[in-house]
Amino acid sequence: VVFTLQYAKLRKYDVVGMCNGILAGLVSITAGCGNVETGSALMMGVVGGFIYKGSAMLVEYLGIDDPVDASSVHGACGIWGLIAAALFDWGHHWGAPLDHFHGWDGFTCMKDANNACRTGIGGKVVGA
């Protein structure tokens with residue numbers, strides 16, 4: 001994503017931007033890597049690339065000295081990854097209904113005191 005944006009803007013190849021874009025995608029998926037499906041992980045990484053580029057442009061506009069864009073890669077994309085981990089954990093796994101939330105239980109649903117899957121808690125997680 002970042003490589004394409006940089007080429008469209010500058011008409012030059014930007015290898016550093018490409019590497020930072022790859023890191024931005026990896027940082028974005030790290031928080032939810034154990035709980036999200038493959039398509040959701042891809043979307044989180046792509047959005048992370050856009051967030052990195054926007055954050056890097058903002059840091060440059062504000063005149064903040066960050067020559068390797070570390071704050072944009074790790075800070076902005078890390079925050080996005082935390083938010084996206086809750087947003088993209090839909091609980092849909094091999095036929096399970098969409099109202100199950102994985103949380104810290106990996107690819108199994110979170111259980112209540114009766115060992116039954118808790119339902120309808122996705123909004124509480126996003127709100128937290």
# chains A, B, ... in the order shown; residues from 1 in each chain; ligands from 1
>>> residues_around(residues="Lys53 of chain A", least_positions_apart="5", cutoff="8 Å", atoms="only C-alpha atoms", output="short mmCIF file (atom, residue, chain, number, x, y, z; two decimals) with C-alpha atoms, in the first residue's frame")
data_model
loop_
_atom_site.label_atom_id
_atom_site.label_comp_id
_atom_site.auth_asym_id
_atom_site.auth_seq_id
_atom_site.Cartn_x
_atom_site.Cartn_y
_atom_site.Cartn_z
CA VAL A 2 2.68 2.50 1.03
CA GLY A 21 4.76 -0.19 5.14
CA SER A 72 4.38 6.30 12.97
#
>>> residues_around(residues="Phe50 of chain A", least_positions_apart="2", cutoff="12 Å", atoms="only C-alpha atoms", output="PyMOL selection string")
chain A and resi 1-6+17+20-22+24-25+28+43-48+52-57+72-73+76-77+80
